[in-house]
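Have a look at data-v2.cif below; it lists mmCIF, C-alpha atoms and all ligand atoms.
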data_entry
loop_
_atom_site.label_atom_id
_atom_site.label_comp_id
_atom_site.auth_asym_id
_atom_site.auth_seq_id
_atom_site.Cartn_x
_atom_site.Cartn_y
_atom_site.Cartn_z
CA MET A 266 0.67 -1.44 28.31
CA ALA A 267 -2.57 -3.20 27.26
CA VAL A 268 -2.16 -5.73 24.45
CA VAL A 269 -5.29 -5.96 22.25
CA THR A 270 -6.84 -9.42 21.98
CA PRO A 271 -6.36 -10.80 18.45
CA PRO A 272 -9.15 -12.83 16.84
CA PRO A 273 -8.47 -16.60 16.99
CA ALA A 274 -7.42 -16.79 13.31
CA LEU A 275 -4.52 -14.47 14.09
CA ARG A 276 -3.40 -16.49 17.07
CA THR A 277 -1.37 -19.00 15.04
CA PRO A 278 0.71 -21.81 16.62
CA LEU A 279 3.75 -19.62 15.94
CA CYS A 280 2.61 -17.33 18.78
CA ASP A 281 2.99 -20.20 21.28
CA HIS A 282 6.31 -21.15 19.72
CA LEU A 283 7.67 -17.65 20.19
CA GLY A 284 5.78 -16.68 23.33
CA CYS A 285 4.05 -13.63 21.87
CA ALA A 286 0.42 -12.54 21.44
CA PHE A 287 0.59 -11.56 17.74
CA PRO A 288 2.17 -13.45 14.82
CA ILE A 289 4.37 -10.47 14.01
CA LEU A 290 8.16 -10.37 14.27
CA LEU A 291 10.43 -7.38 14.17
CA ALA A 292 12.93 -8.07 11.35
CA GLY A 293 16.54 -8.05 12.51
CA MET A 294 17.73 -4.72 11.14
CA GLY A 295 21.39 -3.96 11.85
CA GLY A 296 21.75 -0.60 13.64
CA VAL A 297 18.01 0.13 13.41
CA ALA A 298 16.52 -2.61 15.59
CA ARG A 299 18.11 -2.03 18.98
CA HIS A 300 16.69 -2.58 22.48
CA ARG A 301 14.27 0.35 22.41
CA LEU A 302 12.46 -0.92 19.31
CA ALA A 303 12.72 -4.61 20.23
CA ALA A 304 11.31 -3.90 23.70
CA ALA A 305 8.46 -1.82 22.29
CA VAL A 306 7.55 -4.66 19.91
CA CYS A 307 7.70 -7.27 22.70
CA ARG A 308 5.64 -5.13 25.08
CA ALA A 309 2.98 -4.52 22.43
CA GLY A 310 2.57 -8.26 21.79
CA GLY A 311 4.97 -8.94 18.91
CA PHE A 312 8.32 -10.76 18.87
CA GLY A 313 11.40 -8.57 19.28
CA VAL A 314 14.66 -9.13 17.42
CA LEU A 315 17.91 -7.23 18.03
CA GLY A 316 19.77 -6.56 14.75
CA MET A 317 23.37 -7.27 15.81
CA VAL A 318 25.14 -8.04 12.53
CA ARG A 319 28.88 -7.38 12.95
CA GLU A 320 28.32 -5.65 16.30
CA PRO A 321 31.06 -5.98 18.93
CA VAL A 322 30.19 -8.32 21.79
CA GLU A 323 30.17 -5.44 24.29
CA ARG A 324 27.26 -3.91 22.37
CA ILE A 325 25.44 -7.23 22.16
CA SER A 326 25.71 -7.67 25.95
CA ALA A 327 24.62 -4.09 26.61
CA GLU A 328 21.65 -4.36 24.24
CA VAL A 329 20.49 -7.66 25.74
CA ASP A 330 20.80 -6.26 29.28
CA ALA A 331 18.87 -3.13 28.32
CA LEU A 332 16.16 -5.18 26.60
CA ARG A 333 15.82 -7.49 29.60
CA ARG A 334 15.38 -4.47 31.86
CA LEU A 335 12.38 -3.42 29.74
CA THR A 336 10.67 -6.76 29.12
CA ASP A 337 10.74 -10.35 30.27
CA LYS A 338 9.43 -11.62 26.91
CA PRO A 339 11.46 -14.00 24.71
CA PHE A 340 13.45 -12.32 21.94
CA ALA A 341 16.12 -13.10 19.33
CA ILE A 342 19.53 -11.84 18.26
CA ASN A 343 20.02 -11.50 14.50
CA LEU A 344 23.43 -12.42 13.09
CA ILE A 345 24.69 -12.79 9.52
CA PRO A 346 27.52 -15.35 9.61
CA ALA A 347 28.68 -14.90 6.00
CA ALA A 348 29.07 -11.14 6.42
CA THR A 349 31.02 -11.39 9.67
CA GLU A 350 34.74 -12.11 10.18
CA ASN A 351 35.21 -15.60 11.63
CA ALA A 352 36.85 -14.45 14.85
CA GLN A 353 34.10 -11.91 15.50
CA LEU A 354 31.37 -14.42 14.69
CA HIS A 355 32.81 -16.89 17.21
CA GLN A 356 32.84 -14.19 19.88
CA GLN A 357 29.26 -13.22 19.03
CA VAL A 358 28.10 -16.82 19.29
CA ARG A 359 29.92 -17.31 22.61
CA THR A 360 28.23 -14.16 23.90
CA CYS A 361 24.78 -15.40 22.85
CA LEU A 362 25.47 -18.65 24.72
CA THR A 363 26.73 -16.88 27.83
CA LEU A 364 23.73 -14.56 27.84
CA GLN A 365 21.39 -17.53 27.29
CA VAL A 366 19.67 -15.76 24.46
CA PRO A 367 16.51 -17.78 23.72
CA PHE A 368 16.49 -17.45 19.90
CA VAL A 369 18.91 -16.50 17.15
CA VAL A 370 17.74 -15.36 13.69
CA LEU A 371 20.32 -16.16 11.00
CA PHE A 372 20.42 -14.86 7.44
CA TRP A 373 22.25 -15.27 4.12
CA ASP A 374 24.30 -18.45 3.41
CA VAL A 375 23.08 -21.31 5.58
CA ASP A 376 25.98 -22.16 7.90
CA THR A 377 24.81 -25.66 8.80
CA ALA A 378 27.62 -26.27 11.30
CA LEU A 379 26.68 -23.10 13.17
CA VAL A 380 22.98 -23.98 13.19
CA ARG A 381 23.83 -27.43 14.62
CA HIS A 382 26.13 -25.91 17.23
CA LEU A 383 23.53 -23.38 18.41
CA VAL A 384 20.82 -26.02 18.60
CA SER A 385 23.09 -28.42 20.50
CA GLU A 386 23.75 -25.63 23.00
CA GLY A 387 20.04 -25.01 23.54
CA ILE A 388 19.58 -21.89 21.38
CA ARG A 389 16.53 -22.05 19.15
CA VAL A 390 17.28 -21.12 15.55
CA ILE A 391 15.12 -19.16 13.15
CA HIS A 392 16.56 -18.87 9.61
CA GLN A 393 15.62 -16.29 7.00
CA VAL A 394 15.93 -17.73 3.47
CA GLY A 395 15.07 -16.76 -0.09
CA SER A 396 14.56 -20.23 -1.57
CA THR A 397 13.17 -23.67 -0.78
CA TRP A 398 16.68 -25.06 -1.21
CA ASP A 399 18.11 -22.90 1.61
CA ALA A 400 15.06 -23.67 3.78
CA GLU A 401 15.75 -27.41 3.43
CA LEU A 402 19.40 -26.94 4.41
CA ALA A 403 18.46 -24.87 7.46
CA ILE A 404 15.74 -27.29 8.61
CA ASP A 405 18.03 -30.33 8.18
CA ALA A 406 20.56 -28.60 10.41
CA GLY A 407 17.93 -27.89 13.10
CA ALA A 408 16.26 -24.55 12.39
CA GLU A 409 12.78 -24.64 13.90
CA ILE A 410 11.23 -21.66 12.13
CA ILE A 411 11.84 -20.42 8.57
CA ILE A 412 11.40 -16.81 7.47
CA ALA A 413 10.62 -16.79 3.75
CA GLN A 414 12.03 -13.55 2.37
CA GLY A 415 10.59 -12.46 -0.96
CA TRP A 416 12.27 -10.28 -3.58
CA GLU A 417 10.10 -7.32 -2.51
CA ALA A 418 11.98 -7.11 0.80
CA GLY A 419 13.97 -4.12 1.97
CA GLY A 420 17.65 -4.45 2.89
CA HIS A 421 19.71 -7.38 1.62
CA VAL A 422 17.65 -9.60 -0.63
CA ARG A 423 18.72 -13.23 -0.66
CA GLY A 424 16.62 -14.74 -3.46
CA HIS A 425 14.89 -13.98 -6.73
CA ILE A 426 11.32 -15.03 -5.94
CA GLY A 427 8.43 -12.84 -4.89
CA THR A 428 6.92 -13.43 -1.44
CA LEU A 429 3.66 -14.83 -2.85
CA SER A 430 5.31 -17.46 -5.09
CA LEU A 431 7.91 -18.34 -2.46
CA LEU A 432 5.26 -18.98 0.20
CA ALA A 433 3.09 -20.98 -2.19
CA GLU A 434 6.06 -23.23 -3.00
CA LEU A 435 7.71 -23.39 0.41
CA VAL A 436 4.86 -23.84 2.86
CA PRO A 437 3.60 -27.22 1.55
CA ALA A 438 7.20 -28.53 1.57
CA CYS A 439 8.07 -27.21 5.00
CA PRO A 440 7.71 -29.31 8.18
CA VAL A 441 8.27 -26.26 10.43
CA PRO A 442 6.38 -22.94 10.76
CA VAL A 443 7.01 -20.44 7.98
CA VAL A 444 7.00 -16.67 8.53
CA ALA A 445 6.56 -14.35 5.53
CA SER A 446 8.82 -11.36 4.91
CA GLY A 447 8.94 -8.74 2.18
CA GLY A 448 6.12 -6.57 0.88
CA LEU A 449 4.11 -6.80 4.09
CA ALA A 450 3.33 -3.74 6.19
CA ASN A 451 -0.40 -3.74 6.90
CA GLY A 452 -3.21 -6.01 8.03
CA ARG A 453 -4.38 -6.97 4.54
CA SER A 454 -0.94 -8.14 3.51
CA LEU A 455 -0.63 -10.09 6.77
CA VAL A 456 -3.89 -11.91 5.98
CA ALA A 457 -2.64 -12.63 2.44
CA ALA A 458 0.49 -14.25 3.90
CA LEU A 459 -1.60 -16.29 6.33
CA ALA A 460 -3.85 -17.38 3.45
CA LEU A 461 -0.76 -18.80 1.75
CA GLY A 462 0.04 -20.84 4.84
CA ALA A 463 2.49 -18.58 6.61
CA GLN A 464 2.02 -18.49 10.38
CA GLY A 465 3.18 -14.92 10.75
CA ALA A 466 5.07 -12.00 9.23
CA SER A 467 8.51 -10.51 9.84
CA LEU A 468 8.41 -6.77 9.20
CA GLY A 469 11.35 -4.49 8.49
CA SER A 470 10.19 -1.30 6.77
CA ALA A 471 6.99 -1.13 8.84
CA PHE A 472 9.06 -0.94 12.04
CA LEU A 473 11.71 1.32 10.52
CA ALA A 474 8.89 3.88 10.31
CA THR A 475 8.34 3.95 14.08
CA GLU A 476 9.40 6.33 16.81
CA GLU A 477 11.48 3.70 18.58
CA ALA A 478 13.56 2.74 15.52
CA ASN A 479 17.19 3.86 15.62
CA ALA A 480 16.90 5.17 12.05
CA HIS A 481 17.59 8.73 10.94
CA ALA A 482 14.48 10.90 10.43
CA HIS A 483 15.59 11.54 6.83
CA HIS A 484 15.43 7.81 6.07
CA GLN A 485 12.06 7.50 7.80
CA GLN A 486 10.57 10.49 5.96
CA ARG A 487 11.76 9.26 2.58
CA LEU A 488 10.32 5.83 3.37
CA ILE A 489 6.82 7.04 4.23
CA GLN A 490 6.74 9.36 1.20
CA ALA A 491 7.79 6.56 -1.17
CA ARG A 492 5.79 4.16 -3.26
CA ALA A 493 6.95 0.67 -4.20
CA ASP A 494 8.33 1.99 -7.50
CA ASP A 495 10.66 4.35 -5.66
CA THR A 496 12.67 1.35 -4.47
CA VAL A 497 15.30 -0.36 -6.55
CA HIS A 498 17.00 -3.77 -6.35
CA CYS A 499 20.70 -3.10 -6.98
CA ARG A 500 24.26 -4.01 -6.00
CA HIS A 501 25.62 -0.55 -5.32
CA PHE A 502 25.98 -0.87 -1.53
CA SER A 503 28.58 -3.52 -0.80
CA ARG A 504 31.71 -1.84 0.55
CA ASN A 505 31.67 -3.59 3.96
CA TRP A 506 29.96 -6.80 2.88
CA HIS A 507 31.72 -10.02 1.84
CA GLU A 508 30.27 -9.95 -1.71
CA PRO A 509 28.47 -7.41 -3.93
CA ALA A 510 25.11 -8.65 -2.70
CA PRO A 511 21.78 -7.27 -3.92
CA VAL A 512 19.90 -4.84 -1.71
CA ARG A 513 16.58 -3.05 -2.02
CA VAL A 514 16.88 0.66 -1.30
CA LEU A 515 15.20 3.94 -2.14
CA ARG A 516 16.54 5.50 -5.31
CA ASN A 517 19.23 8.14 -4.72
CA ARG A 518 22.31 9.59 -6.42
CA VAL A 519 24.22 6.35 -5.79
CA THR A 520 21.61 4.10 -7.44
CA ARG A 521 21.30 6.56 -10.32
CA GLY A 522 25.00 5.97 -11.01
CA GLU A 523 26.19 9.50 -10.23
CA TYR A 524 29.22 8.15 -8.34
CA ASP A 525 29.95 5.18 -10.60
CA ASP A 526 33.38 6.53 -11.53
CA LEU A 527 34.38 6.12 -7.84
CA ARG A 528 33.17 2.52 -7.51
CA HIS A 529 36.52 0.93 -8.14
CA ALA A 530 38.63 3.67 -6.58
CA ASP A 531 41.26 2.51 -4.08
CA ILE A 532 40.49 5.22 -1.57
CA SER A 533 37.17 4.99 0.24
CA GLU A 534 35.31 8.26 0.38
CA ILE A 535 33.88 9.16 3.79
CA ILE A 536 30.41 10.66 3.43
CA GLY A 537 29.39 10.92 7.08
CA GLU A 538 29.63 9.46 10.55
CA GLN A 539 27.43 7.70 13.05
CA ASP A 540 27.85 5.64 16.21
CA GLY A 541 31.33 7.22 16.46
CA GLN A 542 32.38 5.60 13.17
CA PRO A 543 32.87 6.95 9.63
CA VAL A 544 30.32 6.02 6.97
CA TYR A 545 31.85 5.29 3.56
CA LEU A 546 30.33 5.83 0.14
CA PHE A 547 28.81 2.54 -1.10
CA SER A 548 28.87 1.01 2.40
CA THR A 549 25.98 -1.10 3.66
CA ASP A 550 25.41 1.25 6.63
CA SER A 551 22.01 2.93 6.55
CA PRO A 552 21.74 6.33 8.27
CA LEU A 553 21.09 5.80 11.98
CA ALA A 554 19.42 8.28 14.33
CA ASP A 555 22.68 10.12 15.13
CA ALA A 556 24.05 10.11 11.55
CA ARG A 557 25.58 13.25 10.08
CA GLY A 558 26.81 13.96 6.58
CA GLU A 559 25.43 13.09 3.14
CA LEU A 560 22.45 11.19 4.50
CA ASP A 561 20.71 10.78 1.16
CA ASP A 562 23.79 9.11 -0.36
CA MET A 563 23.69 6.32 2.24
CA ALA A 564 21.88 2.99 1.85
CA LEU A 565 18.23 3.94 2.36
CA TYR A 566 16.90 0.40 2.74
CA ALA A 567 13.21 0.04 1.96
CA GLY A 568 10.94 -2.78 0.92
CA GLN A 569 8.23 -2.47 -1.70
CA SER A 570 5.99 -2.44 1.38
CA CYS A 571 6.84 1.28 1.69
CA GLY A 572 3.74 2.04 -0.41
CA GLN A 573 1.65 0.81 2.55
CA LEU A 574 3.32 3.20 5.02
CA HIS A 575 2.21 6.80 5.35
CA GLN A 576 3.04 7.86 8.92
CA ILE A 577 5.60 7.45 11.64
CA LEU A 578 3.82 5.70 14.51
CA THR A 579 4.90 4.12 17.75
CA ALA A 580 5.66 0.41 17.42
CA GLU A 581 2.59 -0.31 19.54
CA GLN A 582 0.36 1.75 17.24
CA ARG A 583 1.84 0.03 14.18
CA LEU A 584 1.19 -3.43 15.63
CA ASN A 585 -2.32 -2.59 16.80
CA ARG A 586 -3.27 -1.10 13.43
CA ILE A 587 -2.00 -4.17 11.61
CA ILE A 588 -3.92 -6.50 13.91
CA GLU A 589 -7.11 -4.42 13.72
CA GLU A 590 -6.94 -4.23 9.93
CA ALA A 591 -6.21 -7.96 9.69
CA ALA A 592 -9.26 -8.67 11.88
CA GLU A 593 -11.46 -6.43 9.66
CA THR A 594 -10.10 -8.14 6.56
CA LEU A 595 -10.90 -11.58 7.93
CA THR A 596 -14.43 -10.47 8.76
CA ARG A 597 -14.87 -9.06 5.25
CA LEU A 598 -13.59 -12.26 3.64
CA THR A 599 -15.30 -14.84 5.81
CA GLY A 600 -17.91 -13.21 7.98
CA ASN A 601 -16.07 -14.88 10.90
CA PRO A 602 -13.31 -13.01 12.64
C1 LIG B 1 16.74 -1.02 7.26
C2 LIG B 1 16.80 -2.51 7.05
C3 LIG B 1 17.89 -3.21 7.57
C4 LIG B 1 17.94 -4.60 7.44
N1 LIG B 1 18.98 -5.26 8.03
C5 LIG B 1 18.93 -6.62 8.12
C6 LIG B 1 19.86 -7.32 8.94
O1 LIG B 1 20.76 -6.74 9.56
N2 LIG B 1 19.73 -8.65 9.05
C7 LIG B 1 18.71 -9.35 8.40
O2 LIG B 1 18.62 -10.56 8.58
N3 LIG B 1 17.85 -8.71 7.58
C8 LIG B 1 17.92 -7.37 7.45
N4 LIG B 1 16.99 -6.70 6.69
C9 LIG B 1 15.98 -7.46 5.91
C10 LIG B 1 14.80 -7.85 6.81
O3 LIG B 1 15.17 -8.96 7.62
C11 LIG B 1 13.54 -8.25 6.04
O4 LIG B 1 13.81 -9.33 5.18
C12 LIG B 1 12.94 -7.12 5.22
O5 LIG B 1 12.90 -5.93 5.95
C13 LIG B 1 11.51 -7.49 4.79
O6 LIG B 1 10.98 -6.55 3.90
P1 LIG B 1 10.12 -5.26 4.35
O7 LIG B 1 11.15 -4.21 4.62
O8 LIG B 1 9.26 -4.98 3.19
O9 LIG B 1 9.36 -5.63 5.60
C14 LIG B 1 16.92 -5.30 6.75
C15 LIG B 1 15.85 -4.57 6.22
C16 LIG B 1 15.78 -3.20 6.36
C17 LIG B 1 14.58 -2.46 5.80
#

Have the structure of the file written as structure tokens, please.
Ligand SMILES: Cc1cc2nc3c(=O)[nH]c(=O)nc-3n(C[C@H](O)[C@H](O)[C@H](O)COP(=O)(O)O)c2cc1C
Amino acid sequence: MAVVTPPPALRTPLCDHLGCAFPILLAGMGGVARHRLAAAVCRAGGFGVLGMVREPVERISAEVDALRRLTDKPFAINLIPAATENAQLHQQVRTCLTLQVPFVVLFWDVDTALVRHLVSEGIRVIHQVGSTWDAELAIDAGAEIIIAQGWEAGGHVRGHIGTLSLLAELVPACPVPVVASGGLANGRSLVAALALGAQGASLGSAFLATEEANAHAHHQQRLIQARADDTVHCRHFSRNWHEPAPVRVLRNRVTRGEYDDLRHADISEIIGEQDGQPVYLFSTDSPLADARGELDDMALYAGQSCGQLHQILTAEQRLNRIIEEAAETLTRLTGNP
């Protein structure tokens, strides 16, 4: 697979840090970002991340083995400590150490003891945050790259600040590379993030709308038909999460409140199944490729970036289009690619 040569302005120091050609990361998306997508991103010049939140260690090992069979590029495992039972989290961390995973991407509350432990064991830590405060905690503990997630982001949304304002505040205060996330899905938005001092972008929705994503076609179709205003920031999907955390999803019957009378019911209503497991109403599970049931009532995560997405592409096509458009944008703005 031929990787296109990016113009020098797009070859930020982050690329050397991560060992990739383009300053573009696959966001760690639980269930959606498995080895097929992560490998496709790595092979096309980006940085692959396996979304392994709450996954059993057998799956983590199998996914890492499968990824390593497809690429020898560096990659990361994404974990969410706060949303994972302690015993399972310890097993996951032990597995990452045994597998000598090069990077881990952490999200939500900053678990400073865990960051220190990973770093002391030689695992490089990237932390996604929604505020300068959390970035400082993560950096003090040893995180070497910060992903600044803005309020526009799809999935769980940590902070209250838009990507633009967060970058403008965070970058000057940050001694480590900052990666932008939320609201970015094309080359122009990548250049905007770079203009604010980010060294790259971490993309969720843009890679959800690819052939290699393990997302259900219904979710992908709704995503590419949506505009930013079709997403909503709400707390409806929290059944298997440790707190009723805010998420950004596409509007559906759940967000419109049509099931609100069931929200505090003792019995969990099963609305489908996937991966051999039931999917419950109000759960944080988004519909995966093999999902069956009431797909539109599941958590259809989407960032406001959905308005920039119009087609399902391969991950390689998505990356190349973003890089080509970013190069054109730089030429338009400066006359110098
Ligand atoms: C389908 C989906 C699942 C996500 N799951 C996770 C996850 O498991 N762990 C995580 O750190 N972030 C997760 N996120 C958030 C992303 O890391 C990222 O912040 C977000 O996708 C950025 O916004 P964008 O979708 O506009 O690119 C998810 C996002 C989406 C769209």

For Cys307 of chain A, list every protein, DNA or RNA residue within 8 Å, evaluated using all atoms listed in the file, and leave out those in the same chain fewer than 3 positions away; present the list as an NGL selection string.
-> :A and (285 or 303-304 or 310-313 or 336 or 338-340)

Go ahead and write the selection's residues with C-alpha atoms as a PDB file, in the frame of the given file.
ATOM      1  CA  CYS A 285       4.050 -13.630  21.870  1.00  0.00           C
ATOM      2  CA  ALA A 303      12.720  -4.610  20.230  1.00  0.00           C
ATOM      3  CA  ALA A 304      11.310  -3.900  23.700  1.00  0.00           C
ATOM      4  CA  GLY A 310       2.570  -8.260  21.790  1.00  0.00           C
ATOM      5  CA  GLY A 311       4.970  -8.940  18.910  1.00  0.00           C
ATOM      6  CA  PHE A 312       8.320 -10.760  18.870  1.00  0.00           C
ATOM      7  CA  GLY A 313      11.400  -8.570  19.280  1.00  0.00           C
ATOM      8  CA  THR A 336      10.670  -6.760  29.120  1.00  0.00           C
ATOM      9  CA  LYS A 338       9.430 -11.620  26.910  1.00  0.00           C
ATOM     10  CA  PRO A 339      11.460 -14.000  24.710  1.00  0.00           C
ATOM     11  CA  PHE A 340      13.450 -12.320  21.940  1.00  0.00           C
TER      12      PHE A 340
END

Would you pick out the contacts of segment 360-371 of chain A at 8 Å or less, using all atoms listed in the file, so that residues sharing its chain but fewer than 5 positions from it are not included, and give the list as a PDB file with C-alpha atoms, keeping the file's coordinate frame?
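Output contents, as saved in selection-v7.pdb:
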ATOM      1  CA  GLY A 293      16.540  -8.050  12.510  1.00  0.00           C
ATOM      2  CA  VAL A 314      14.660  -9.130  17.420  1.00  0.00           C
ATOM      3  CA  VAL A 322      30.190  -8.320  21.790  1.00  0.00           C
ATOM      4  CA  ILE A 325      25.440  -7.230  22.160  1.00  0.00           C
ATOM      5  CA  SER A 326      25.710  -7.670  25.950  1.00  0.00           C
ATOM      6  CA  VAL A 329      20.490  -7.660  25.740  1.00  0.00           C
ATOM      7  CA  PRO A 339      11.460 -14.000  24.710  1.00  0.00           C
ATOM      8  CA  PHE A 340      13.450 -12.320  21.940  1.00  0.00           C
ATOM      9  CA  ALA A 341      16.120 -13.100  19.330  1.00  0.00           C
ATOM     10  CA  ILE A 342      19.530 -11.840  18.260  1.00  0.00           C
ATOM     11  CA  ASN A 343      20.020 -11.500  14.500  1.00  0.00           C
ATOM     12  CA  LEU A 344      23.430 -12.420  13.090  1.00  0.00           C
ATOM     13  CA  ILE A 345      24.690 -12.790   9.520  1.00  0.00           C
ATOM     14  CA  PRO A 346      27.520 -15.350   9.610  1.00  0.00           C
ATOM     15  CA  GLU A 386      23.750 -25.630  23.000  1.00  0.00           C
ATOM     16  CA  ILE A 388      19.580 -21.890  21.380  1.00  0.00           C
ATOM     17  CA  ARG A 389      16.530 -22.050  19.150  1.00  0.00           C
ATOM     18  CA  VAL A 390      17.280 -21.120  15.550  1.00  0.00           C
ATOM     19  CA  ILE A 391      15.120 -19.160  13.150  1.00  0.00           C
ATOM     20  CA  HIS A 392      16.560 -18.870   9.610  1.00  0.00           C
ATOM     21  CA  GLN A 393      15.620 -16.290   7.000  1.00  0.00           C
TER      22      GLN A 393
END

Protein, DNA and RNA residues within 9 Å of (2.3, -14.2, 9.4), all atoms listed in the file, as JSON, numbers by chain = {"A": [275, 277, 279, 287, 288, 289, 290, 443, 444, 445, 446, 455, 456, 457, 458, 459, 462, 463, 464, 465, 466, 467]}

Please give me, as a ChimeraX atom specification, the residues lying within 7 Å of ligand LIG 1 (chain B) when counting all atoms listed in the file.
-> /A:292-295,297,316-318,343-345,371-372,393,414,417-422,446-450,467-471,473,551,566-571

Which residues are close to His282 of chain A, i.e. within 10 Å by all atoms listed in the file, leaving aside same-chain residues fewer than 6 positions away? Reply as a PDB file with C-alpha atoms, in the coordinates of the input.
ATOM      1  CA  GLU A 409      12.780 -24.640  13.900  1.00  0.00           C
ATOM      2  CA  ILE A 410      11.230 -21.660  12.130  1.00  0.00           C
ATOM      3  CA  PRO A 442       6.380 -22.940  10.760  1.00  0.00           C
TER       4      PRO A 442
END

Write out as a ChimeraX atom specification the residues lying within 10 Å of His507 of chain A, counting all atoms listed in the file and excluding same-chain residues fewer than 2 positions away.
-> /A:347-350,503-505,509-510
